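Source file: target24.cif (mmCIF, C-alpha atoms and all ligand atoms)
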```cif
data_my_file
#
loop_
_atom_site.group_PDB
_atom_site.id
_atom_site.type_symbol
_atom_site.label_atom_id
_atom_site.label_comp_id
_atom_site.auth_asym_id
_atom_site.auth_seq_id
_atom_site.Cartn_x
_atom_site.Cartn_y
_atom_site.Cartn_z
ATOM 1 C CA MET A 69 54.013 -32.678 19.308
ATOM 2 C CA GLU A 70 57.344 -30.836 19.090
ATOM 3 C CA GLU A 71 56.999 -27.323 20.546
ATOM 4 C CA ASN A 72 57.626 -24.380 18.235
ATOM 5 C CA LYS A 73 59.928 -22.273 20.429
ATOM 6 C CA THR A 74 60.606 -19.513 17.910
ATOM 7 C CA ARG A 75 56.997 -18.355 17.897
ATOM 8 C CA LYS A 76 56.086 -15.096 19.640
ATOM 9 C CA PRO A 77 52.571 -14.041 20.714
ATOM 10 C CA VAL A 78 50.686 -12.368 17.856
ATOM 11 C CA LYS A 79 49.157 -9.058 18.982
ATOM 12 C CA LEU A 80 47.224 -6.322 17.193
ATOM 13 C CA GLY A 81 50.495 -4.390 16.770
ATOM 14 C CA THR A 82 52.061 -7.447 15.107
ATOM 15 C CA LEU A 83 49.206 -7.571 12.591
ATOM 16 C CA ARG A 84 49.488 -3.849 11.778
ATOM 17 C CA LYS A 85 53.227 -4.257 11.228
ATOM 18 C CA MET A 86 52.686 -7.273 8.967
ATOM 19 C CA HIS A 87 50.229 -5.226 6.869
ATOM 20 C CA GLN A 88 52.701 -2.322 6.605
ATOM 21 C CA GLU A 89 55.620 -4.573 5.717
ATOM 22 C CA GLY A 90 53.665 -6.748 3.293
ATOM 23 C CA GLU A 91 54.032 -9.997 5.247
ATOM 24 C CA PRO A 92 50.926 -12.081 4.548
ATOM 25 C CA ILE A 93 48.675 -12.746 7.565
ATOM 26 C CA VAL A 94 47.436 -16.326 7.877
ATOM 27 C CA MET A 95 43.982 -16.818 9.357
ATOM 28 C CA LEU A 96 42.197 -20.165 9.690
ATOM 29 C CA THR A 97 38.952 -21.082 11.417
ATOM 30 C CA CYS A 98 39.251 -23.077 14.640
ATOM 31 C CA TYR A 99 36.573 -24.442 16.936
ATOM 32 C CA ASP A 100 38.271 -26.529 19.651
ATOM 33 C CA ALA A 101 41.359 -26.840 21.861
ATOM 34 C CA THR A 102 42.998 -29.750 20.012
ATOM 35 C CA PHE A 103 42.988 -27.895 16.703
ATOM 36 C CA ALA A 104 43.972 -24.657 18.447
ATOM 37 C CA ALA A 105 47.194 -26.311 19.657
ATOM 38 C CA LEU A 106 47.780 -27.797 16.199
ATOM 39 C CA GLU A 107 47.148 -24.506 14.333
ATOM 40 C CA ASP A 108 49.298 -22.595 16.819
ATOM 41 C CA GLU A 109 52.139 -25.031 16.252
ATOM 42 C CA ALA A 110 51.727 -24.774 12.463
ATOM 43 C CA GLY A 111 52.188 -20.987 12.591
ATOM 44 C CA VAL A 112 48.638 -19.736 12.004
ATOM 45 C CA ASP A 113 48.617 -16.015 12.938
ATOM 46 C CA ILE A 114 44.895 -15.610 13.658
ATOM 47 C CA MET A 115 42.439 -18.311 14.735
ATOM 48 C CA LEU A 116 38.896 -17.411 13.770
ATOM 49 C CA ILE A 117 36.092 -18.919 15.799
ATOM 50 C CA GLY A 118 33.750 -18.504 12.849
ATOM 51 C CA ASP A 119 29.998 -18.714 13.054
ATOM 52 C CA SER A 120 30.645 -21.195 10.219
ATOM 53 C CA LEU A 121 30.630 -23.588 13.201
ATOM 54 C CA GLY A 122 26.866 -23.661 12.652
ATOM 55 C CA MET A 123 27.653 -25.586 9.466
ATOM 56 C CA THR A 124 30.956 -27.345 10.230
ATOM 57 C CA VAL A 125 30.321 -28.362 13.864
ATOM 58 C CA GLN A 126 26.544 -28.271 14.245
ATOM 59 C CA GLY A 127 25.558 -29.455 10.764
ATOM 60 C CA HIS A 128 23.069 -26.710 9.887
ATOM 61 C CA GLY A 129 22.728 -25.518 6.285
ATOM 62 C CA THR A 130 23.546 -21.893 7.174
ATOM 63 C CA THR A 131 25.092 -19.857 10.025
ATOM 64 C CA ILE A 132 21.692 -18.425 11.063
ATOM 65 C CA PRO A 133 20.868 -20.795 14.004
ATOM 66 C CA VAL A 134 24.104 -20.139 15.972
ATOM 67 C CA SER A 135 23.710 -18.570 19.462
ATOM 68 C CA ILE A 136 26.012 -16.275 21.450
ATOM 69 C CA ASP A 137 26.479 -19.084 23.986
ATOM 70 C CA ASP A 138 27.680 -21.370 21.161
ATOM 71 C CA MET A 139 30.193 -18.688 20.111
ATOM 72 C CA ALA A 140 31.400 -18.121 23.690
ATOM 73 C CA TYR A 141 31.747 -21.869 24.303
ATOM 74 C CA HIS A 142 33.881 -22.508 21.209
ATOM 75 C CA THR A 143 35.921 -19.344 21.830
ATOM 76 C CA ALA A 144 36.746 -20.613 25.338
ATOM 77 C CA CYS A 145 37.726 -24.045 23.916
ATOM 78 C CA VAL A 146 40.080 -22.452 21.370
ATOM 79 C CA ALA A 147 41.564 -20.016 23.899
ATOM 80 C CA CYS A 148 42.441 -22.970 26.175
ATOM 81 C CA GLY A 149 44.377 -24.811 23.464
ATOM 82 C CA ASN A 150 46.104 -21.748 22.019
ATOM 83 C CA LYS A 151 49.344 -20.143 23.219
ATOM 84 C CA ASN A 152 50.511 -17.582 20.674
ATOM 85 C CA ALA A 153 47.967 -16.990 17.938
ATOM 86 C CA PHE A 154 45.619 -13.983 17.889
ATOM 87 C CA VAL A 155 42.050 -15.068 18.732
ATOM 88 C CA LEU A 156 39.196 -13.585 16.682
ATOM 89 C CA ALA A 157 35.580 -14.474 17.487
ATOM 90 C CA ASP A 158 32.600 -14.012 15.177
ATOM 91 C CA MET A 159 29.433 -12.414 16.488
ATOM 92 C CA ASN A 160 26.477 -14.581 15.469
ATOM 93 C CA PHE A 161 23.343 -13.574 13.568
ATOM 94 C CA GLY A 162 20.994 -11.597 15.824
ATOM 95 C CA SER A 163 23.643 -10.753 18.423
ATOM 96 C CA TYR A 164 24.584 -7.255 17.209
ATOM 97 C CA LEU A 165 22.075 -5.507 14.938
ATOM 98 C CA VAL A 166 18.911 -5.858 17.007
ATOM 99 C CA ASN A 167 19.913 -3.719 19.978
ATOM 100 C CA GLU A 168 23.178 -1.872 20.486
ATOM 101 C CA ASP A 169 23.443 -2.329 24.261
ATOM 102 C CA GLU A 170 22.851 -6.034 23.818
ATOM 103 C CA ALA A 171 25.524 -6.072 21.092
ATOM 104 C CA VAL A 172 28.018 -4.530 23.511
ATOM 105 C CA ARG A 173 27.163 -7.123 26.184
ATOM 106 C CA ASN A 174 27.546 -9.930 23.643
ATOM 107 C CA ALA A 175 30.930 -8.641 22.481
ATOM 108 C CA VAL A 176 32.006 -8.462 26.141
ATOM 109 C CA LYS A 177 30.996 -12.135 26.562
ATOM 110 C CA LEU A 178 33.267 -13.167 23.691
ATOM 111 C CA MET A 179 36.194 -11.140 25.064
ATOM 112 C CA LYS A 180 35.710 -12.729 28.502
ATOM 113 C CA ALA A 181 35.695 -16.162 26.811
ATOM 114 C CA GLY A 182 39.167 -15.431 25.426
ATOM 115 C CA ALA A 183 38.817 -13.453 22.207
ATOM 116 C CA ASN A 184 41.295 -10.673 21.350
ATOM 117 C CA MET A 185 38.941 -9.106 18.773
ATOM 118 C CA VAL A 186 35.383 -9.615 17.554
ATOM 119 C CA LYS A 187 34.096 -9.734 13.979
ATOM 120 C CA PHE A 188 30.658 -9.004 12.569
ATOM 121 C CA GLU A 189 29.098 -8.653 9.144
ATOM 122 C CA GLY A 190 27.978 -5.352 7.668
ATOM 123 C CA GLY A 191 28.971 -1.957 6.312
ATOM 124 C CA LEU A 192 27.646 1.518 7.174
ATOM 125 C CA GLU A 193 24.935 0.102 9.465
ATOM 126 C CA VAL A 194 27.538 -1.334 11.880
ATOM 127 C CA CYS A 195 29.784 1.781 12.060
ATOM 128 C CA PRO A 196 28.174 3.176 15.261
ATOM 129 C CA LEU A 197 28.706 -0.181 17.001
ATOM 130 C CA VAL A 198 32.350 -0.305 15.860
ATOM 131 C CA GLY A 199 32.913 3.095 17.514
ATOM 132 C CA ARG A 200 31.220 2.084 20.747
ATOM 133 C CA LEU A 201 33.184 -1.150 21.082
ATOM 134 C CA LYS A 202 36.409 0.696 20.374
ATOM 135 C CA GLN A 203 35.602 3.108 23.256
ATOM 136 C CA ILE A 204 35.376 0.236 25.726
ATOM 137 C CA GLY A 205 38.509 -1.496 24.481
ATOM 138 C CA ILE A 206 37.171 -4.093 22.072
ATOM 139 C CA PRO A 207 38.949 -4.252 18.701
ATOM 140 C CA VAL A 208 36.751 -5.004 15.692
ATOM 141 C CA CYS A 209 37.144 -6.781 12.367
ATOM 142 C CA ALA A 210 34.417 -5.779 9.910
ATOM 143 C CA HIS A 211 33.213 -8.418 7.407
ATOM 144 C CA ILE A 212 31.956 -7.044 4.045
ATOM 145 C CA GLY A 213 31.303 -8.295 0.516
ATOM 146 C CA PHE A 214 29.327 -11.532 0.659
ATOM 147 C CA THR A 215 27.925 -11.750 4.186
ATOM 148 C CA PRO A 216 26.626 -15.298 4.879
ATOM 149 C CA GLN A 217 24.236 -14.196 7.667
ATOM 150 C CA SER A 218 22.308 -12.278 4.985
ATOM 151 C CA VAL A 219 22.150 -15.197 2.544
ATOM 152 C CA ASN A 220 18.353 -15.195 2.755
ATOM 153 C CA ALA A 221 18.204 -11.512 1.796
ATOM 154 C CA ILE A 222 20.959 -11.698 -0.832
ATOM 155 C CA GLY A 223 19.206 -14.687 -2.374
ATOM 156 C CA GLY A 224 22.197 -16.990 -2.843
ATOM 157 C CA TYR A 225 25.981 -17.308 -2.709
ATOM 158 C CA TYR A 226 26.851 -14.465 -5.084
ATOM 159 C CA VAL A 227 30.059 -12.523 -5.645
ATOM 160 C CA GLN A 228 29.629 -8.906 -4.433
ATOM 161 C CA GLY A 229 30.987 -5.674 -5.936
ATOM 162 C CA LYS A 230 30.985 -6.801 -9.559
ATOM 163 C CA THR A 231 29.264 -3.664 -10.902
ATOM 164 C CA ALA A 232 30.682 -0.113 -10.788
ATOM 165 C CA SER A 233 28.160 0.863 -8.099
ATOM 166 C CA GLY A 234 28.887 -2.341 -6.145
ATOM 167 C CA GLU A 235 32.587 -1.571 -6.269
ATOM 168 C CA GLU A 236 31.985 1.999 -5.048
ATOM 169 C CA LYS A 237 29.809 0.654 -2.199
ATOM 170 C CA LEU A 238 32.606 -1.684 -1.030
ATOM 171 C CA TYR A 239 35.138 1.152 -1.155
ATOM 172 C CA GLN A 240 32.887 3.524 0.821
ATOM 173 C CA GLU A 241 32.125 0.819 3.394
ATOM 174 C CA ALA A 242 35.792 -0.039 3.945
ATOM 175 C CA MET A 243 36.752 3.635 4.376
ATOM 176 C CA ALA A 244 33.814 4.340 6.724
ATOM 177 C CA LEU A 245 34.618 1.266 8.846
ATOM 178 C CA GLN A 246 38.255 2.343 9.168
ATOM 179 C CA GLU A 247 37.151 5.849 10.177
ATOM 180 C CA ALA A 248 34.672 4.384 12.684
ATOM 181 C CA GLY A 249 37.590 2.605 14.354
ATOM 182 C CA ALA A 250 37.709 -0.884 12.828
ATOM 183 C CA ASP A 251 41.134 -2.518 13.176
ATOM 184 C CA MET A 252 40.717 -4.991 10.322
ATOM 185 C CA VAL A 253 38.418 -5.548 7.330
ATOM 186 C CA LEU A 254 37.531 -8.944 5.860
ATOM 187 C CA PHE A 255 36.345 -9.285 2.254
ATOM 188 C CA GLU A 256 34.352 -12.351 1.254
ATOM 189 C CA MET A 257 33.770 -13.191 -2.424
ATOM 190 C CA VAL A 258 34.674 -9.894 -4.092
ATOM 191 C CA PRO A 259 36.669 -9.314 -7.303
ATOM 192 C CA ALA A 260 40.422 -9.639 -6.640
ATOM 193 C CA GLU A 261 41.223 -6.309 -8.266
ATOM 194 C CA ILE A 262 38.877 -4.372 -5.971
ATOM 195 C CA ALA A 263 40.077 -6.047 -2.748
ATOM 196 C CA SER A 264 43.661 -5.298 -3.736
ATOM 197 C CA LYS A 265 42.910 -1.658 -4.597
ATOM 198 C CA ILE A 266 41.083 -1.019 -1.311
ATOM 199 C CA THR A 267 43.834 -2.777 0.692
ATOM 200 C CA LYS A 268 46.419 -0.339 -0.704
ATOM 201 C CA GLU A 269 44.327 2.621 0.484
ATOM 202 C CA LEU A 270 43.689 1.378 4.027
ATOM 203 C CA ARG A 271 45.983 1.790 7.068
ATOM 204 C CA ILE A 272 44.461 -1.292 8.645
ATOM 205 C CA PRO A 273 45.027 -4.894 7.501
ATOM 206 C CA THR A 274 42.562 -6.704 5.225
ATOM 207 C CA ILE A 275 41.808 -10.428 5.076
ATOM 208 C CA GLY A 276 40.304 -12.152 2.055
ATOM 209 C CA ILE A 277 38.292 -15.276 1.328
ATOM 210 C CA GLY A 278 37.603 -15.464 -2.383
ATOM 211 C CA ALA A 279 39.059 -11.951 -2.677
ATOM 212 C CA GLY A 280 42.310 -12.650 -4.532
ATOM 213 C CA VAL A 281 45.948 -12.544 -3.483
ATOM 214 C CA GLY A 282 46.173 -8.755 -2.966
ATOM 215 C CA THR A 283 44.748 -8.551 0.570
ATOM 216 C CA SER A 284 46.989 -8.355 3.679
ATOM 217 C CA GLY A 285 46.021 -11.912 4.584
ATOM 218 C CA GLN A 286 43.831 -14.916 3.822
ATOM 219 C CA VAL A 287 41.279 -17.015 5.670
ATOM 220 C CA LEU A 288 39.745 -20.412 4.937
ATOM 221 C CA VAL A 289 37.533 -22.820 6.836
ATOM 222 C CA LEU A 290 39.468 -25.628 8.587
ATOM 223 C CA GLN A 291 37.256 -28.457 7.310
ATOM 224 C CA ASP A 292 37.614 -27.139 3.746
ATOM 225 C CA ILE A 293 41.437 -27.186 3.814
ATOM 226 C CA LEU A 294 41.269 -30.739 5.212
ATOM 227 C CA GLY A 295 38.853 -31.765 2.453
ATOM 228 C CA ILE A 296 36.315 -33.126 4.940
ATOM 229 C CA PHE A 297 33.390 -30.716 4.528
ATOM 230 C CA PRO A 298 30.510 -32.587 2.872
ATOM 231 C CA GLY A 299 29.154 -31.356 -0.447
ATOM 232 C CA ARG A 300 30.442 -29.050 -3.135
ATOM 233 C CA LYS A 301 33.623 -27.136 -2.389
ATOM 234 C CA PRO A 302 33.403 -23.317 -2.777
ATOM 235 C CA LYS A 303 35.597 -22.061 -5.664
ATOM 236 C CA PHE A 304 37.793 -20.068 -3.265
ATOM 237 C CA SER A 305 38.803 -22.975 -1.010
ATOM 238 C CA LYS A 306 41.508 -25.582 -1.502
ATOM 239 C CA ASN A 307 42.079 -29.067 -0.089
ATOM 240 C CA PHE A 308 45.571 -28.953 1.446
ATOM 241 C CA MET A 309 45.426 -32.659 2.411
ATOM 242 C CA GLU A 310 46.320 -33.349 -1.220
ATOM 243 C CA GLY A 311 50.051 -34.065 -1.098
ATOM 244 C CA ALA A 312 50.168 -33.953 2.723
ATOM 245 C CA SER A 313 50.791 -37.008 4.902
ATOM 246 C CA SER A 314 49.139 -35.652 8.064
ATOM 247 C CA ILE A 315 46.687 -33.019 9.255
ATOM 248 C CA GLN A 316 49.635 -31.137 10.831
ATOM 249 C CA GLN A 317 51.385 -31.057 7.469
ATOM 250 C CA ALA A 318 48.252 -29.926 5.600
ATOM 251 C CA VAL A 319 47.811 -26.965 7.966
ATOM 252 C CA ALA A 320 51.527 -26.146 7.720
ATOM 253 C CA ASN A 321 51.254 -26.299 3.906
ATOM 254 C CA TYR A 322 48.321 -23.851 4.012
ATOM 255 C CA VAL A 323 50.408 -21.482 6.196
ATOM 256 C CA GLN A 324 53.348 -21.774 3.799
ATOM 257 C CA ALA A 325 51.152 -21.255 0.703
ATOM 258 C CA VAL A 326 49.654 -18.036 2.125
ATOM 259 C CA LYS A 327 53.022 -16.724 3.384
ATOM 260 C CA SER A 328 54.587 -17.259 -0.069
ATOM 261 C CA ARG A 329 51.497 -15.894 -1.866
ATOM 262 C CA GLN A 330 51.176 -19.152 -3.797
ATOM 263 C CA PHE A 331 47.602 -19.268 -2.501
ATOM 264 C CA PRO A 332 45.172 -18.043 -3.700
ATOM 265 C CA THR A 333 45.667 -18.312 -7.463
ATOM 266 C CA ASP A 334 43.278 -16.977 -10.130
ATOM 267 C CA GLN A 335 41.552 -20.341 -9.911
ATOM 268 C CA HIS A 336 40.406 -19.472 -6.348
ATOM 269 C CA SER A 337 39.518 -15.846 -7.116
ATOM 270 C CA PHE A 338 36.792 -13.863 -8.829
HETATM 271 N N1 LIG B 1 32.655 -25.111 5.033
HETATM 272 C C1 LIG B 1 32.413 -23.815 4.926
HETATM 273 N N2 LIG B 1 33.218 -23.075 4.140
HETATM 274 C C2 LIG B 1 33.018 -21.734 4.014
HETATM 275 O O1 LIG B 1 33.806 -21.084 3.285
HETATM 276 C C3 LIG B 1 31.957 -21.129 4.731
HETATM 277 C C4 LIG B 1 31.153 -21.933 5.547
HETATM 278 N N3 LIG B 1 31.383 -23.268 5.615
HETATM 279 N N4 LIG B 1 30.143 -21.409 6.287
HETATM 280 C C5 LIG B 1 30.020 -19.974 6.407
HETATM 281 C C6 LIG B 1 30.352 -19.316 5.179
HETATM 282 C C7 LIG B 1 29.399 -19.599 4.067
HETATM 283 N N5 LIG B 1 30.239 -19.439 2.924
HETATM 284 C C8 LIG B 1 29.993 -19.957 1.677
HETATM 285 C C9 LIG B 1 29.314 -21.144 1.539
HETATM 286 C C10 LIG B 1 29.103 -21.679 0.297
HETATM 287 C C11 LIG B 1 29.568 -21.040 -0.823
HETATM 288 C C12 LIG B 1 29.316 -21.664 -2.139
HETATM 289 O O2 LIG B 1 28.713 -22.705 -2.236
HETATM 290 N N6 LIG B 1 29.842 -21.073 -3.188
HETATM 291 C C13 LIG B 1 29.805 -21.649 -4.535
HETATM 292 C C14 LIG B 1 28.651 -21.114 -5.283
HETATM 293 C C15 LIG B 1 27.430 -21.843 -4.877
HETATM 294 C C16 LIG B 1 26.238 -21.429 -5.643
HETATM 295 O O3 LIG B 1 26.371 -21.060 -6.831
HETATM 296 O O4 LIG B 1 25.162 -21.481 -5.053
HETATM 297 C C17 LIG B 1 31.125 -21.380 -5.252
HETATM 298 O O5 LIG B 1 31.359 -22.050 -6.256
HETATM 299 O O6 LIG B 1 31.917 -20.560 -4.765
HETATM 300 C C18 LIG B 1 30.231 -19.848 -0.675
HETATM 301 C C19 LIG B 1 30.450 -19.310 0.579
HETATM 302 C C20 LIG B 1 31.607 -19.183 3.329
HETATM 303 N N7 LIG B 1 31.652 -19.774 4.638
HETATM 304 C C1 LIG B 2 34.366 -17.764 6.365
HETATM 305 C C2 LIG B 2 34.848 -16.884 7.470
HETATM 306 C C3 LIG B 2 35.342 -15.581 6.976
HETATM 307 C C4 LIG B 2 33.794 -16.704 8.526
HETATM 308 O O1 LIG B 2 33.236 -15.661 8.744
HETATM 309 C C5 LIG B 2 33.403 -17.893 9.283
HETATM 310 O O2 LIG B 2 34.136 -18.904 9.282
HETATM 311 O O3 LIG B 2 32.360 -17.828 9.931
HETATM 312 MG MG MG B 3 31.480 -15.885 9.900
#
```
Serialized structure, structure tokens:
Amino acid sequence: MEENKTRKPVKLGTLRKMHQEGEPIVMLTCYDATFAALEDEAGVDIMLIGDSLGMTVQGHGTTIPVSIDDMAYHTACVACGNKNAFVLADMNFGSYLVNEDEAVRNAVKLMKAGANMVKFEGGLEVCPLVGRLKQIGIPVCAHIGFTPQSVNAIGGYYVQGKTASGEEKLYQEAMALQEAGADMVLFEMVPAEIASKITKELRIPTIGIGAGVGTSGQVLVLQDILGIFPGRKPKFSKNFMEGASSIQQAVANYVQAVKSRQFPTDQHSF
């Protein structure tokens, strides 16, 4: 592969600047070193070692069975293949809301494996943990809206924040997370208008998946953009292999589509 020599390391400061200047941030899930090198070369800004690996790599029906050792292993694989992208690692179900000291130790494990930031699902209930991690030098991305680890409690794959009170809840959560010290907020499956409105009021960058084009950046699952995830495709994802002649080109086309705000369209939004 031809080396991309113009690329500089993406740091937290880079992401803040992109948010301020309105340059879209491209995030894509990544689970191994080969794809890390490929995504890095294609210009992906943030590689997310998502707990979606429970579905895409391990073949489970949800993200619930994933362990902290699974997350640390895949984070280390990605970190080895990556040169310049920012590395974000998901905290798995059960690794952060059971016991706060254990949550801190688990976050430390992911940072030692090569993460630059950790992400976990939740609103007001995770604010104390966000503050504690911040104190010991661990940046946090908060994941709100539809939170897949709570699919059993939510009762299905439903769009969140559709009612006036749901919208207010999302707004309050985003503001509280920023105040608690979060460095980024991710919205999953929320109305485009709300994600855009909250993004304008936050100092910190936002990332959307099924949250419209008005967030600071976008994320999708690697296997979804390659059209190789079995079963029905979520409304918010897009197969970028269509019209591409290689995997490299499909990933580059995703990067280009997010950077030019051609993706997502209304067709991928709620
Ligand atoms: N391959 C893959 N893509 C993802 O986007 C993804 C994962 N896995 N695993 C972790 C979570 C789970 N997420 C999901 C999974 C499925 C739907 C889904 O099926 N959405 C349908 C509605 C399905 C229904 O009505 O039950 C949709 O049309 O958007 C949404 C989000 C997002 N994440
Ligand atoms: C879908 C994204 C946002 C995620 O959390 C994951 O891949 O686990
Ligand atoms: Mg996740």
Practice item. State, in Å with one decimal place, the distance from CA of Pro273 (chain A) to CA of Leu245 (chain A). Key: 12.2 Å
Rows by chain and residue number, chain A within 10 Å of ligand LIG 2 (chain B), shortest pair, all atoms listed in the file, as JSON lines:
```
{"residue": "A:Met95", "atom": "CA", "partner": "B:LIG2", "partner_atom": "C3", "distance": 9.0}
{"residue": "A:Leu96", "atom": "CA", "partner": "B:LIG2", "partner_atom": "O2", "distance": 8.2}
{"residue": "A:Thr97", "atom": "CA", "partner": "B:LIG2", "partner_atom": "O2", "distance": 5.7}
{"residue": "A:Cys98", "atom": "CA", "partner": "B:LIG2", "partner_atom": "O2", "distance": 8.5}
{"residue": "A:Tyr99", "atom": "CA", "partner": "B:LIG2", "partner_atom": "O2", "distance": 9.8}
{"residue": "A:Met115", "atom": "CA", "partner": "B:LIG2", "partner_atom": "O2", "distance": 10.0}
{"residue": "A:Leu116", "atom": "CA", "partner": "B:LIG2", "partner_atom": "O2", "distance": 6.7}
{"residue": "A:Ile117", "atom": "CA", "partner": "B:LIG2", "partner_atom": "O2", "distance": 6.8}
{"residue": "A:Gly118", "atom": "CA", "partner": "B:LIG2", "partner_atom": "O3", "distance": 3.3}
{"residue": "A:Asp119", "atom": "CA", "partner": "B:LIG2", "partner_atom": "O3", "distance": 4.0}
{"residue": "A:Ser120", "atom": "CA", "partner": "B:LIG2", "partner_atom": "O3", "distance": 3.8}
{"residue": "A:Leu121", "atom": "CA", "partner": "B:LIG2", "partner_atom": "O3", "distance": 6.8}
{"residue": "A:Gly122", "atom": "CA", "partner": "B:LIG2", "partner_atom": "O3", "distance": 8.5}
{"residue": "A:Met123", "atom": "CA", "partner": "B:LIG2", "partner_atom": "O3", "distance": 9.1}
{"residue": "A:Thr124", "atom": "CA", "partner": "B:LIG2", "partner_atom": "O2", "distance": 9.1}
{"residue": "A:Thr131", "atom": "CA", "partner": "B:LIG2", "partner_atom": "O3", "distance": 7.5}
{"residue": "A:Ala157", "atom": "CA", "partner": "B:LIG2", "partner_atom": "O3", "distance": 8.9}
{"residue": "A:Asp158", "atom": "CA", "partner": "B:LIG2", "partner_atom": "O3", "distance": 6.5}
{"residue": "A:Met159", "atom": "CA", "partner": "B:LIG2", "partner_atom": "O3", "distance": 9.0}
{"residue": "A:Asn160", "atom": "CA", "partner": "B:LIG2", "partner_atom": "O3", "distance": 8.7}
{"residue": "A:Lys187", "atom": "CA", "partner": "B:LIG2", "partner_atom": "O1", "distance": 8.0}
{"residue": "A:Phe188", "atom": "CA", "partner": "B:LIG2", "partner_atom": "O1", "distance": 8.1}
{"residue": "A:Glu189", "atom": "CA", "partner": "B:LIG2", "partner_atom": "O1", "distance": 8.1}
{"residue": "A:His211", "atom": "CA", "partner": "B:LIG2", "partner_atom": "O1", "distance": 7.4}
{"residue": "A:Ile212", "atom": "CA", "partner": "B:LIG2", "partner_atom": "C3", "distance": 9.6}
{"residue": "A:Phe214", "atom": "CA", "partner": "B:LIG2", "partner_atom": "C3", "distance": 9.6}
{"residue": "A:Thr215", "atom": "CA", "partner": "B:LIG2", "partner_atom": "O1", "distance": 8.0}
{"residue": "A:Pro216", "atom": "CA", "partner": "B:LIG2", "partner_atom": "O1", "distance": 7.7}
{"residue": "A:Gln217", "atom": "CA", "partner": "B:LIG2", "partner_atom": "O1", "distance": 9.2}
{"residue": "A:Leu254", "atom": "CA", "partner": "B:LIG2", "partner_atom": "C3", "distance": 7.1}
{"residue": "A:Phe255", "atom": "CA", "partner": "B:LIG2", "partner_atom": "C3", "distance": 7.9}
{"residue": "A:Glu256", "atom": "CA", "partner": "B:LIG2", "partner_atom": "C3", "distance": 6.6}
{"residue": "A:Met257", "atom": "CA", "partner": "B:LIG2", "partner_atom": "C3", "distance": 9.8}
{"residue": "A:Ile275", "atom": "CA", "partner": "B:LIG2", "partner_atom": "C3", "distance": 8.5}
{"residue": "A:Gly276", "atom": "CA", "partner": "B:LIG2", "partner_atom": "C3", "distance": 7.8}
{"residue": "A:Ile277", "atom": "CA", "partner": "B:LIG2", "partner_atom": "C3", "distance": 6.4}
{"residue": "A:Gly278", "atom": "CA", "partner": "B:LIG2", "partner_atom": "C1", "distance": 9.6}
{"residue": "A:Gln286", "atom": "CA", "partner": "B:LIG2", "partner_atom": "C3", "distance": 9.1}
{"residue": "A:Val287", "atom": "CA", "partner": "B:LIG2", "partner_atom": "C3", "distance": 6.2}
{"residue": "A:Leu288", "atom": "CA", "partner": "B:LIG2", "partner_atom": "C1", "distance": 6.2}
{"residue": "A:Val289", "atom": "CA", "partner": "B:LIG2", "partner_atom": "O2", "distance": 5.7}
{"residue": "A:Leu290", "atom": "CA", "partner": "B:LIG2", "partner_atom": "O2", "distance": 8.6}
```
Practice item. Work out how far apart CA of Phe154 (chain A) and CA of Val319 (chain A) are and give it in Å to one decimal. Key: 16.5 Å
Exercise for review: Provide the CA of Val198 (chain A) to CA of Asp169 (chain A) distance in Å, to one decimal place.
Suggested key: 12.4 Å
Pull out every residue that the PyMOL selection byres (((chain A and resi 175-177) around 10) and not hetatm) matches in the shown coordinates and put them as an mmCIF file with C-alpha atoms, in the frame of the given file.
```cif
data_model
loop_
_atom_site.group_PDB
_atom_site.id
_atom_site.type_symbol
_atom_site.label_atom_id
_atom_site.label_comp_id
_atom_site.auth_asym_id
_atom_site.auth_seq_id
_atom_site.Cartn_x
_atom_site.Cartn_y
_atom_site.Cartn_z
ATOM 1 C CA ILE A 136 26.012 -16.275 21.450
ATOM 2 C CA ASP A 137 26.479 -19.084 23.986
ATOM 3 C CA MET A 139 30.193 -18.688 20.111
ATOM 4 C CA ALA A 140 31.400 -18.121 23.690
ATOM 5 C CA THR A 143 35.921 -19.344 21.830
ATOM 6 C CA ALA A 157 35.580 -14.474 17.487
ATOM 7 C CA ASP A 158 32.600 -14.012 15.177
ATOM 8 C CA MET A 159 29.433 -12.414 16.488
ATOM 9 C CA SER A 163 23.643 -10.753 18.423
ATOM 10 C CA TYR A 164 24.584 -7.255 17.209
ATOM 11 C CA ASP A 169 23.443 -2.329 24.261
ATOM 12 C CA GLU A 170 22.851 -6.034 23.818
ATOM 13 C CA ALA A 171 25.524 -6.072 21.092
ATOM 14 C CA VAL A 172 28.018 -4.530 23.511
ATOM 15 C CA ARG A 173 27.163 -7.123 26.184
ATOM 16 C CA ASN A 174 27.546 -9.930 23.643
ATOM 17 C CA LEU A 178 33.267 -13.167 23.691
ATOM 18 C CA MET A 179 36.194 -11.140 25.064
ATOM 19 C CA LYS A 180 35.710 -12.729 28.502
ATOM 20 C CA ALA A 181 35.695 -16.162 26.811
ATOM 21 C CA GLY A 182 39.167 -15.431 25.426
ATOM 22 C CA ALA A 183 38.817 -13.453 22.207
ATOM 23 C CA MET A 185 38.941 -9.106 18.773
ATOM 24 C CA VAL A 186 35.383 -9.615 17.554
ATOM 25 C CA LYS A 187 34.096 -9.734 13.979
ATOM 26 C CA PHE A 188 30.658 -9.004 12.569
ATOM 27 C CA LEU A 201 33.184 -1.150 21.082
ATOM 28 C CA ILE A 204 35.376 0.236 25.726
ATOM 29 C CA GLY A 205 38.509 -1.496 24.481
ATOM 30 C CA ILE A 206 37.171 -4.093 22.072
ATOM 31 C CA PRO A 207 38.949 -4.252 18.701
ATOM 32 C CA VAL A 208 36.751 -5.004 15.692
#
```
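This file, filtered with the PyMOL selection byres (((chain A and resi 192-195) around 10) and not hetatm), gives the residues Tyr164, Leu165, Glu168, Phe188, Glu189, Gly190, Gly191, Pro196, Leu197, Val198, Gly199, Arg200, Ala210, Lys237, Gln240, Glu241, Ala242, Met243, Ala244, Leu245, Gln246, Glu247, Ala248, Gly249 and Ala250 of chain A.
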